[in-house]
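structure.txt follows; it contains compact mmCIF, C-alpha atoms.
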```txt
# COMPACT_ATOMS: atom_id res chain seq x y z
CA MET A 1 101.17 119.73 -48.75
CA THR A 2 102.17 120.46 -52.34
CA GLY A 3 104.06 123.56 -51.27
CA LEU A 4 106.03 121.41 -48.86
CA VAL A 5 106.74 118.86 -51.56
CA LEU A 6 107.84 121.58 -53.96
CA ARG A 7 110.32 122.94 -51.45
CA GLY A 8 111.52 119.47 -50.54
CA VAL A 9 112.17 118.31 -54.10
CA ALA A 10 113.05 121.61 -55.80
CA GLY A 11 116.74 120.88 -55.77
CA LEU A 12 116.19 117.30 -56.93
CA ARG A 13 113.88 118.36 -59.73
CA GLY A 14 116.37 120.82 -61.05
CA GLY A 15 119.20 118.33 -60.92
CA PHE A 16 121.48 120.74 -59.06
CA GLY A 17 121.24 119.00 -55.66
CA GLY A 18 123.14 120.93 -53.03
CA VAL A 19 125.77 122.32 -55.41
CA ALA A 20 124.02 125.64 -55.94
CA SER A 21 120.59 127.12 -55.41
CA VAL A 22 118.54 128.31 -58.34
CA TRP A 23 118.59 131.90 -57.11
CA GLY A 24 122.34 131.61 -56.66
CA LEU A 25 122.65 130.71 -60.33
CA VAL A 26 120.31 133.54 -61.34
CA LEU A 27 122.59 135.99 -59.54
CA ALA A 28 125.83 134.34 -60.62
CA ILE A 29 125.14 134.22 -64.36
CA PRO A 30 125.02 138.03 -64.90
CA LEU A 31 128.09 138.46 -62.71
CA VAL A 32 130.05 135.93 -64.76
CA VAL A 33 128.94 137.55 -68.02
CA ALA A 34 129.86 141.00 -66.67
CA ALA A 35 133.32 139.75 -65.77
CA LEU A 36 134.04 137.79 -68.96
CA ASP A 37 132.01 139.56 -71.64
CA PRO A 38 130.72 142.93 -70.38
CA ALA A 39 129.79 144.09 -73.88
CA SER A 40 127.11 141.37 -74.10
CA LEU A 41 125.60 141.86 -70.65
CA ALA A 42 122.93 144.40 -71.66
CA ALA A 43 121.74 142.29 -74.60
CA ILE A 44 121.58 139.10 -72.52
CA LEU A 45 119.69 140.75 -69.67
CA GLY A 46 117.33 142.44 -72.14
CA GLU A 47 116.58 139.14 -73.85
CA ALA A 48 115.98 137.40 -70.51
CA LEU A 49 113.82 140.16 -69.01
CA GLY A 50 111.74 140.46 -72.19
CA GLY A 51 110.96 136.76 -72.26
CA PHE A 52 110.26 136.68 -68.52
CA ALA A 53 107.91 139.68 -68.64
CA GLY A 54 105.95 138.16 -71.51
CA THR A 55 105.35 135.02 -69.46
CA LEU A 56 104.16 136.72 -66.26
CA PRO A 57 100.43 136.84 -67.18
CA TRP A 58 100.54 133.10 -67.87
CA VAL A 59 102.35 132.53 -64.59
CA ALA A 60 99.61 134.37 -62.71
CA ALA A 61 96.93 132.27 -64.40
CA ALA A 62 98.83 129.05 -63.71
CA VAL A 63 99.35 129.91 -60.04
CA ALA A 64 95.66 130.70 -59.52
CA LEU A 65 94.54 127.56 -61.37
CA VAL A 66 96.77 125.12 -59.48
CA ALA A 67 96.02 126.73 -56.10
CA GLY A 68 92.30 126.50 -56.85
CA LEU A 69 92.57 122.83 -57.80
CA LYS A 70 94.38 122.03 -54.57
CA ALA A 71 92.09 124.13 -52.35
CA SER A 72 88.94 122.63 -53.85
CA GLY A 73 90.25 119.09 -53.41
CA ALA A 74 89.75 118.41 -57.12
CA THR A 75 92.84 116.21 -57.23
CA ALA A 76 90.89 113.64 -55.20
CA LEU A 77 88.96 112.87 -58.37
CA VAL A 78 92.09 111.26 -59.81
CA ALA A 79 91.79 108.36 -57.36
CA ARG A 80 88.56 107.30 -59.05
CA ALA A 81 90.53 106.35 -62.15
CA PHE A 82 91.77 103.31 -60.23
CA GLU A 83 88.35 101.75 -59.71
CA GLY A 84 86.51 99.29 -61.92
CA ARG A 85 87.65 97.23 -64.91
CA GLU A 86 91.31 97.30 -65.93
CA THR A 87 90.71 98.69 -69.44
CA ARG A 88 88.62 101.51 -68.01
CA MET A 89 91.30 102.22 -65.41
CA ILE A 90 94.02 102.52 -68.06
CA VAL A 91 91.98 104.93 -70.18
CA LEU A 92 90.91 107.11 -67.26
CA ALA A 93 94.40 107.11 -65.74
CA ALA A 94 95.92 108.32 -69.02
CA LEU A 95 93.27 111.02 -69.43
CA LEU A 96 93.36 112.26 -65.84
CA GLY A 97 97.15 112.22 -65.74
CA GLY A 98 97.16 115.39 -67.82
CA LEU A 99 94.83 117.16 -65.38
CA ALA A 100 96.60 116.31 -62.14
CA PRO A 101 99.06 119.07 -61.16
CA PHE A 102 101.86 116.66 -60.22
CA CYS A 103 105.41 116.61 -61.55
CA SER A 104 107.34 113.36 -61.95
CA CYS A 105 108.60 113.61 -58.36
CA GLU A 106 105.39 114.78 -56.68
CA VAL A 107 103.44 111.86 -58.13
CA ILE A 108 105.66 109.32 -56.32
CA PRO A 109 103.70 109.26 -53.00
CA PHE A 110 100.43 108.69 -54.86
CA ILE A 111 101.94 105.92 -57.00
CA ALA A 112 103.46 104.28 -53.92
CA ALA A 113 100.08 104.30 -52.17
CA MET A 114 98.27 102.83 -55.18
CA LEU A 115 100.88 100.08 -55.61
CA ALA A 116 100.70 99.23 -51.92
CA LEU A 117 96.91 98.97 -52.19
CA GLY A 118 97.20 96.54 -55.12
CA ALA A 119 96.05 98.75 -58.02
CA PRO A 120 96.94 97.23 -61.43
CA LEU A 121 100.42 98.12 -62.65
CA SER A 122 99.02 98.85 -66.13
CA ALA A 123 96.77 101.66 -64.91
CA ILE A 124 99.48 103.00 -62.63
CA MET A 125 101.96 103.05 -65.51
CA ALA A 126 99.43 104.92 -67.68
CA PHE A 127 99.06 107.61 -65.02
CA TRP A 128 102.78 107.62 -64.24
CA LEU A 129 103.74 108.27 -67.86
CA SER A 130 101.07 110.86 -68.62
CA SER A 131 101.05 112.91 -65.42
CA PRO A 132 104.57 114.43 -65.59
CA LEU A 133 104.10 115.49 -69.21
CA ILE A 134 101.37 118.07 -68.84
CA ASP A 135 99.17 119.77 -66.28
CA PRO A 136 97.19 123.02 -66.44
CA ALA A 137 100.11 125.17 -65.31
CA THR A 138 102.63 123.51 -67.63
CA ALA A 139 100.23 123.89 -70.56
CA LEU A 140 99.99 127.64 -69.99
CA ILE A 141 103.76 128.07 -69.63
CA THR A 142 104.39 125.97 -72.75
CA ALA A 143 101.86 127.98 -74.74
CA ALA A 144 103.46 131.25 -73.64
CA ALA A 145 106.95 130.16 -74.69
CA LEU A 146 106.29 127.93 -77.72
CA GLY A 147 102.71 128.50 -78.83
CA TRP A 148 99.47 126.60 -78.45
CA GLU A 149 100.50 124.04 -81.07
CA PHE A 150 103.22 122.77 -78.74
CA ALA A 151 100.97 122.91 -75.67
CA ALA A 152 98.23 120.96 -77.44
CA GLY A 153 100.76 118.55 -78.93
CA LYS A 154 102.26 117.85 -75.52
CA ALA A 155 98.80 117.22 -74.07
CA VAL A 156 98.03 114.74 -76.86
CA ALA A 157 101.42 113.12 -76.30
CA ALA A 158 100.65 112.73 -72.58
CA VAL A 159 97.42 110.85 -73.22
CA ALA A 160 98.86 108.80 -76.09
CA LEU A 161 101.95 107.81 -74.10
CA GLY A 162 99.83 106.92 -71.07
CA LEU A 163 97.53 104.71 -73.15
CA ALA A 164 100.41 103.04 -74.99
CA GLY A 165 102.34 102.43 -71.78
CA GLY A 166 99.33 101.11 -69.90
CA PHE A 167 98.29 98.63 -72.57
CA ALA A 168 101.92 97.60 -73.19
CA VAL A 169 102.45 96.80 -69.51
CA ARG A 170 99.13 94.97 -69.15
CA PRO A 171 100.41 91.63 -70.55
CA LEU A 172 103.80 92.12 -68.87
CA ALA A 173 102.13 92.33 -65.47
CA ARG A 174 101.43 88.60 -65.68
CA LEU A 175 105.16 87.80 -65.77
CA PRO A 176 106.95 86.94 -62.50
CA ALA A 177 109.33 89.91 -62.90
CA PHE A 178 106.37 92.33 -62.83
CA ALA A 179 104.14 90.47 -60.37
CA ALA A 180 105.46 92.38 -57.32
CA PRO A 181 106.43 95.81 -58.68
CA LEU A 182 107.40 97.49 -55.42
CA ARG A 183 111.03 97.22 -54.40
CA ALA A 184 111.67 95.15 -51.27
CA GLY A 185 111.02 97.17 -48.12
CA ARG A 186 108.70 99.64 -49.89
CA ASP A 187 105.40 97.84 -49.34
CA GLY A 188 104.63 99.96 -46.29
CA LEU A 189 105.95 103.18 -47.77
CA CYS A 190 102.79 105.18 -47.29
CA THR A 191 101.27 103.36 -44.33
CA GLY A 192 99.87 105.92 -41.92
CA CYS A 193 100.93 108.93 -43.98
CA GLU A 194 98.71 111.54 -45.55
CA THR A 195 97.77 110.72 -49.13
CA PRO A 196 98.00 113.57 -51.64
CA LEU A 197 94.46 112.94 -52.87
CA GLY A 198 92.51 112.73 -49.64
CA GLY A 199 89.39 114.74 -48.74
CA ASP A 200 86.17 115.87 -50.41
CA THR A 201 85.86 118.10 -53.46
CA LEU A 202 84.35 121.56 -52.95
CA TRP A 203 84.49 123.77 -56.03
CA ARG A 204 83.44 126.91 -54.13
CA PHE A 205 86.41 126.53 -51.82
CA TRP A 206 86.45 130.21 -50.80
CA ARG A 207 83.44 129.59 -48.54
CA GLU A 208 85.57 127.67 -46.04
CA PRO A 209 88.42 129.42 -44.19
CA PRO A 210 90.70 126.33 -44.11
CA ARG A 211 90.44 125.99 -47.89
CA ARG A 212 91.11 129.70 -48.39
CA LYS A 213 94.22 129.22 -46.31
CA ILE A 214 95.29 126.30 -48.54
CA PHE A 215 94.70 128.47 -51.61
CA ARG A 216 96.91 131.28 -50.25
CA ALA A 217 99.67 128.90 -49.18
CA GLU A 218 99.64 127.05 -52.52
CA ALA A 219 99.57 130.28 -54.51
CA VAL A 220 102.56 131.71 -52.66
CA ALA A 221 104.56 128.48 -52.83
CA ASN A 222 103.89 127.91 -56.52
CA ALA A 223 104.47 131.56 -57.44
CA ARG A 224 107.88 131.43 -55.78
CA PHE A 225 108.66 128.17 -57.52
CA LEU A 226 107.63 129.36 -60.99
CA VAL A 227 109.30 132.77 -60.76
CA LYS A 228 112.54 131.18 -59.57
CA TRP A 229 112.71 128.57 -62.33
CA LEU A 230 111.52 130.88 -65.09
CA ALA A 231 114.09 133.50 -64.14
CA LEU A 232 116.80 130.87 -64.56
CA ALA A 233 115.21 129.49 -67.73
CA TYR A 234 115.12 132.83 -69.53
CA LEU A 235 118.66 133.62 -68.49
CA LEU A 236 119.79 130.28 -69.94
CA GLN A 237 117.75 130.93 -73.07
CA ALA A 238 119.50 134.29 -73.49
CA LEU A 239 122.88 132.60 -73.06
CA LEU A 240 121.96 130.01 -75.70
CA VAL A 241 120.99 132.70 -78.18
CA ALA A 242 124.12 134.72 -77.45
CA TYR A 243 126.79 132.03 -77.34
CA VAL A 244 125.63 128.79 -78.97
CA PRO A 245 126.21 128.95 -82.74
CA ALA A 246 123.00 128.45 -84.68
CA ALA A 247 124.86 126.28 -87.17
CA ALA A 248 125.91 123.85 -84.42
CA VAL A 249 122.36 123.44 -83.14
CA ALA A 250 120.97 123.08 -86.65
CA ALA A 251 123.59 120.46 -87.48
CA ALA A 252 122.77 118.36 -84.39
CA VAL A 253 118.98 118.65 -84.10
CA GLY A 254 117.90 120.69 -87.10
CA GLY A 255 115.06 119.41 -89.21
CA ASP A 256 112.84 116.48 -88.28
CA GLY A 257 114.81 113.50 -89.48
CA VAL A 258 115.10 110.31 -87.46
CA ALA A 259 118.61 111.17 -86.22
CA SER A 260 117.72 114.66 -84.96
CA ILE A 261 114.59 113.38 -83.19
CA ALA A 262 116.53 110.54 -81.57
CA ILE A 263 119.22 113.00 -80.41
CA GLY A 264 116.53 115.32 -79.03
CA ALA A 265 114.99 112.49 -77.00
CA LEU A 266 118.27 111.03 -75.74
CA VAL A 267 119.69 114.44 -74.79
CA GLY A 268 116.43 115.65 -73.28
CA ALA A 269 116.07 112.60 -71.03
CA PRO A 270 118.95 113.38 -68.64
CA ALA A 271 119.35 117.10 -69.33
CA TYR A 272 115.78 118.30 -68.78
CA LEU A 273 115.15 120.80 -65.96
CA ASN A 274 111.36 120.69 -65.43
CA GLY A 275 108.13 121.37 -67.25
CA TYR A 276 108.16 125.04 -66.31
CA ALA A 277 111.75 125.92 -67.19
CA ALA A 278 112.17 123.75 -70.29
CA PRO A 279 109.86 125.60 -72.76
CA ALA A 280 111.97 128.74 -72.56
CA LEU A 281 115.16 126.74 -73.16
CA ILE A 282 113.58 124.91 -76.09
CA ALA A 283 112.41 128.23 -77.54
CA GLY A 284 116.03 129.37 -77.47
CA LEU A 285 117.20 126.17 -79.16
CA MET A 286 114.53 126.53 -81.83
CA GLN A 287 115.72 130.07 -82.52
CA GLN A 288 119.10 128.51 -83.19
CA GLY A 289 117.74 125.88 -85.57
CA MET A 290 116.24 123.01 -83.55
CA GLY A 291 113.43 121.25 -85.43
CA ALA A 292 109.88 121.02 -84.08
CA GLY A 293 109.99 117.21 -83.92
CA ALA A 294 113.29 117.17 -82.03
CA ALA A 295 111.94 119.85 -79.65
CA MET A 296 108.84 117.78 -78.88
CA ALA A 297 110.94 114.63 -78.40
CA PHE A 298 113.19 116.60 -76.01
CA MET A 299 110.20 117.77 -73.96
CA VAL A 300 108.45 114.41 -73.79
CA ALA A 301 111.56 112.36 -72.97
CA GLY A 302 112.75 114.87 -70.41
CA SER A 303 109.44 115.04 -68.56
CA VAL A 304 109.26 111.27 -68.16
CA SER A 305 112.88 110.21 -67.81
CA CYS A 306 114.95 113.09 -66.49
CA ILE A 307 117.52 112.09 -63.85
CA PRO A 308 115.42 113.24 -60.82
CA ALA A 309 112.38 111.32 -62.07
CA MET A 310 114.39 108.19 -62.81
CA ALA A 311 116.03 108.33 -59.38
CA ALA A 312 112.61 108.53 -57.71
CA VAL A 313 111.23 105.67 -59.80
CA PHE A 314 114.29 103.48 -59.22
CA SER A 315 114.00 103.97 -55.45
CA LEU A 316 110.40 102.79 -55.50
CA VAL A 317 110.01 99.89 -57.96
CA ARG A 318 111.96 96.80 -59.02
CA SER A 319 114.42 96.93 -61.91
CA PRO A 320 112.14 95.39 -64.61
CA VAL A 321 109.43 97.97 -63.89
CA PHE A 322 112.02 100.75 -63.89
CA ALA A 323 113.44 99.56 -67.22
CA ALA A 324 109.93 99.42 -68.73
CA TYR A 325 109.18 102.97 -67.51
CA VAL A 326 112.35 104.42 -69.06
CA ALA A 327 112.05 102.44 -72.32
CA LEU A 328 108.41 103.41 -72.82
CA GLY A 329 109.18 107.07 -72.08
CA ILE A 330 112.06 107.39 -74.54
CA ALA A 331 110.43 105.28 -77.27
CA GLY A 332 107.21 107.26 -76.94
CA ALA A 333 109.13 110.53 -77.12
CA MET A 334 110.79 109.51 -80.37
CA ALA A 335 107.52 108.28 -81.90
CA PHE A 336 105.55 111.36 -80.98
CA GLY A 337 108.43 113.67 -81.92
CA ALA A 338 108.41 112.16 -85.41
CA ALA A 339 104.64 112.50 -85.69
CA PHE A 340 104.63 116.10 -84.41
CA GLY A 341 107.50 117.06 -86.70
CA ALA A 342 105.68 115.64 -89.72
CA LEU A 343 102.47 117.46 -88.73
CA MET A 344 104.20 120.81 -88.18
CA GLY A 345 106.29 120.37 -91.34
```
What does this structure look like when you write it as structure tokens?
Amino acid sequence: MTGLVLRGVAGLRGGFGGVASVWGLVLAIPLVVAALDPASLAAILGEALGGFAGTLPWVAAAVALVAGLKASGATALVARAFEGRETRMIVLAALLGGLAPFCSCEVIPFIAAMLALGAPLSAIMAFWLSSPLIDPATALITAAALGWEFAAGKAVAAVALGLAGGFAVRPLARLPAFAAPLRAGRDGLCTGCETPLGGDTLWRFWREPPRRKIFRAEAVANARFLVKWLALAYLLQALLVAYVPAAAVAAAVGGDGVASIAIGALVGAPAYLNGYAAPALIAGLMQQGMGAGAAMAFMVAGSVSCIPAMAAVFSLVRSPVFAAYVALGIAGAMAFGAAFGALMG
């Protein structure tokens, strides 16, 4: 099912809609450079291919890991976070959000089902905020492009933001504006449909032919997805290095002051591509002078509150819940960006 979701939301996740396909952009960028600046074409392609080749081993590991999680049914374990006492649910939801291989759009069907079943909004918000930030595949791609410090920092940010968001929403859930979080007409959104976390968990999935088939399908779908987005990401990174003046980047988001971190979060929120493409772009910006704190704020804010994610959230929940989701995401990005910048500095 995930492969189907990936294909269905790929355009939405990238923010390009129907204007142009990702592969179309990958082909168009070198052609435009060849026409306008042929002298730079070899350097740009060399930079892009070098970065892409260095990431391929991590891509292979990420593809195998995510396909194995889906084939084994391990994602069904996430549903157990929404059982028991509310405090326990918030903590488990924040912790498991970083393990579930869902992006901000893929998690929508699960969230809709949990809301319809009456799960506490606090626990759902904890999972909702933490899940898009990190997953096993994103951690590997981030480590390949930016180093393990950034991958570990993003994982910590995911759990911290989930916990903060869950406990912040807990008292709000008693207010009338938050009492019925689903938007009118969405209460039956997932009635009768397949849930993304159904089925039993079988770690030795290769013993069953249907699960082997799921593994192959997921591996192919995710490999295509990652290769496509990373090809575009490294081309854009090469363009940033070639054409964006380092002084301009350093002036806007250089260092780890409050202003640069705030700019990183506010720019990252709408401009972010996805968790797989963004590390390469941020690596390019950091080569040009972007500070570590601003880079982390960019990643965190973009994962939670990019335009595709916000559109999906807005279509599902009422305005007060939507406003809380966006505010918590951006505020958390700024706070953790400042903390990460101080630690790295």
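Here CA of Asp135 in chain A is placed at a distance of 5.1 Å from CA of Leu99 in chain A.
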Notebook entry, point to check: Counting only C-alpha atoms, which of A:Trp58, A:Trp23, A:Phe298, A:Phe127 gets nearest to Ala233 in chain A?
Noted result: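 Looking only at the distances to Ala233 in chain A, the closest residue turns out to be A:Trp23.
Across A:Leu202, A:Ala151, A:Met89, A:Val220, the tightest approach to Met299 in chain A is made by A:Ala151 when counting only C-alpha atoms.
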Checklist line | Separation of CA of Ala123 in chain A from CA of Val91 in chain A, in Å and rounded to one decimal | finding: 7.8 Å
Note to self: Using all atoms listed in the file, list the residues that have an atom at most 12 Å from (115.2, 138.5, -67.7), coordinates as in the file, as a PyMOL selection string.
What the structure shows: chain A and resi 26-27+29-30+41-56+227-239+280
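Comparing the minimum interatomic distances between Val159 in chain A and each of A:Ala323, A:Leu92, A:Val66, A:Met286, counting all atoms listed in the file, we find that A:Leu92 sits nearest.
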Next item on the list: Calculate how many Å separate CA of Val267 in chain A from CA of Ala301 in chain A, rounding to one decimal.
Entry: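 Going from CA of Val267 in chain A over to CA of Ala301 in chain A covers 8.6 Å.
With distances taken over all atoms listed in the file, A:Ala173 is the one residue among A:Ile282, A:Ala173, A:Met344, A:Leu226 lying closest to Val321 in chain A.
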Margin query: Need to verify the contact set: Gly257 in chain A, 9 Å, all atoms listed in the file, exclusion of same-chain residues closer than 6 positions in sequence. Can you return it as a PyMOL selection string?
Written below: chain A and resi 291+293-294+338+341
Near Gly166 in chain A, within 6 Å and counting all atoms listed in the file, which residues show up once chain neighbours fewer than 5 positions away are dropped, as an mmCIF file with C-alpha atoms, keeping the file's coordinate frame?
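Output file out35.cif is given in full below:
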```
data_model
loop_
_atom_site.group_PDB
_atom_site.id
_atom_site.type_symbol
_atom_site.label_atom_id
_atom_site.label_comp_id
_atom_site.auth_asym_id
_atom_site.auth_seq_id
_atom_site.Cartn_x
_atom_site.Cartn_y
_atom_site.Cartn_z
ATOM 1 C CA ILE A 90 94.020 102.520 -68.060
ATOM 2 C CA SER A 122 99.020 98.850 -66.130
ATOM 3 C CA ALA A 123 96.770 101.660 -64.910
ATOM 4 C CA MET A 125 101.960 103.050 -65.510
ATOM 5 C CA ALA A 126 99.430 104.920 -67.680
#
```
Margin query: I need the residue nearest Ala137 in chain A from this list: A:Leu240, A:Leu31, A:Leu69, A:Ala327. Use all atoms listed in the file for the distance.
Written below: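 Of A:Leu240, A:Leu31, A:Leu69, A:Ala327, the one nearest Ala137 in chain A is A:Leu69, counting all atoms listed in the file.
Compared by their closest atoms to Thr142 in chain A, and using all atoms listed in the file, the residues A:Ala119, A:Ala297, A:Met334, A:Val59 rank with A:Val59 nearest.
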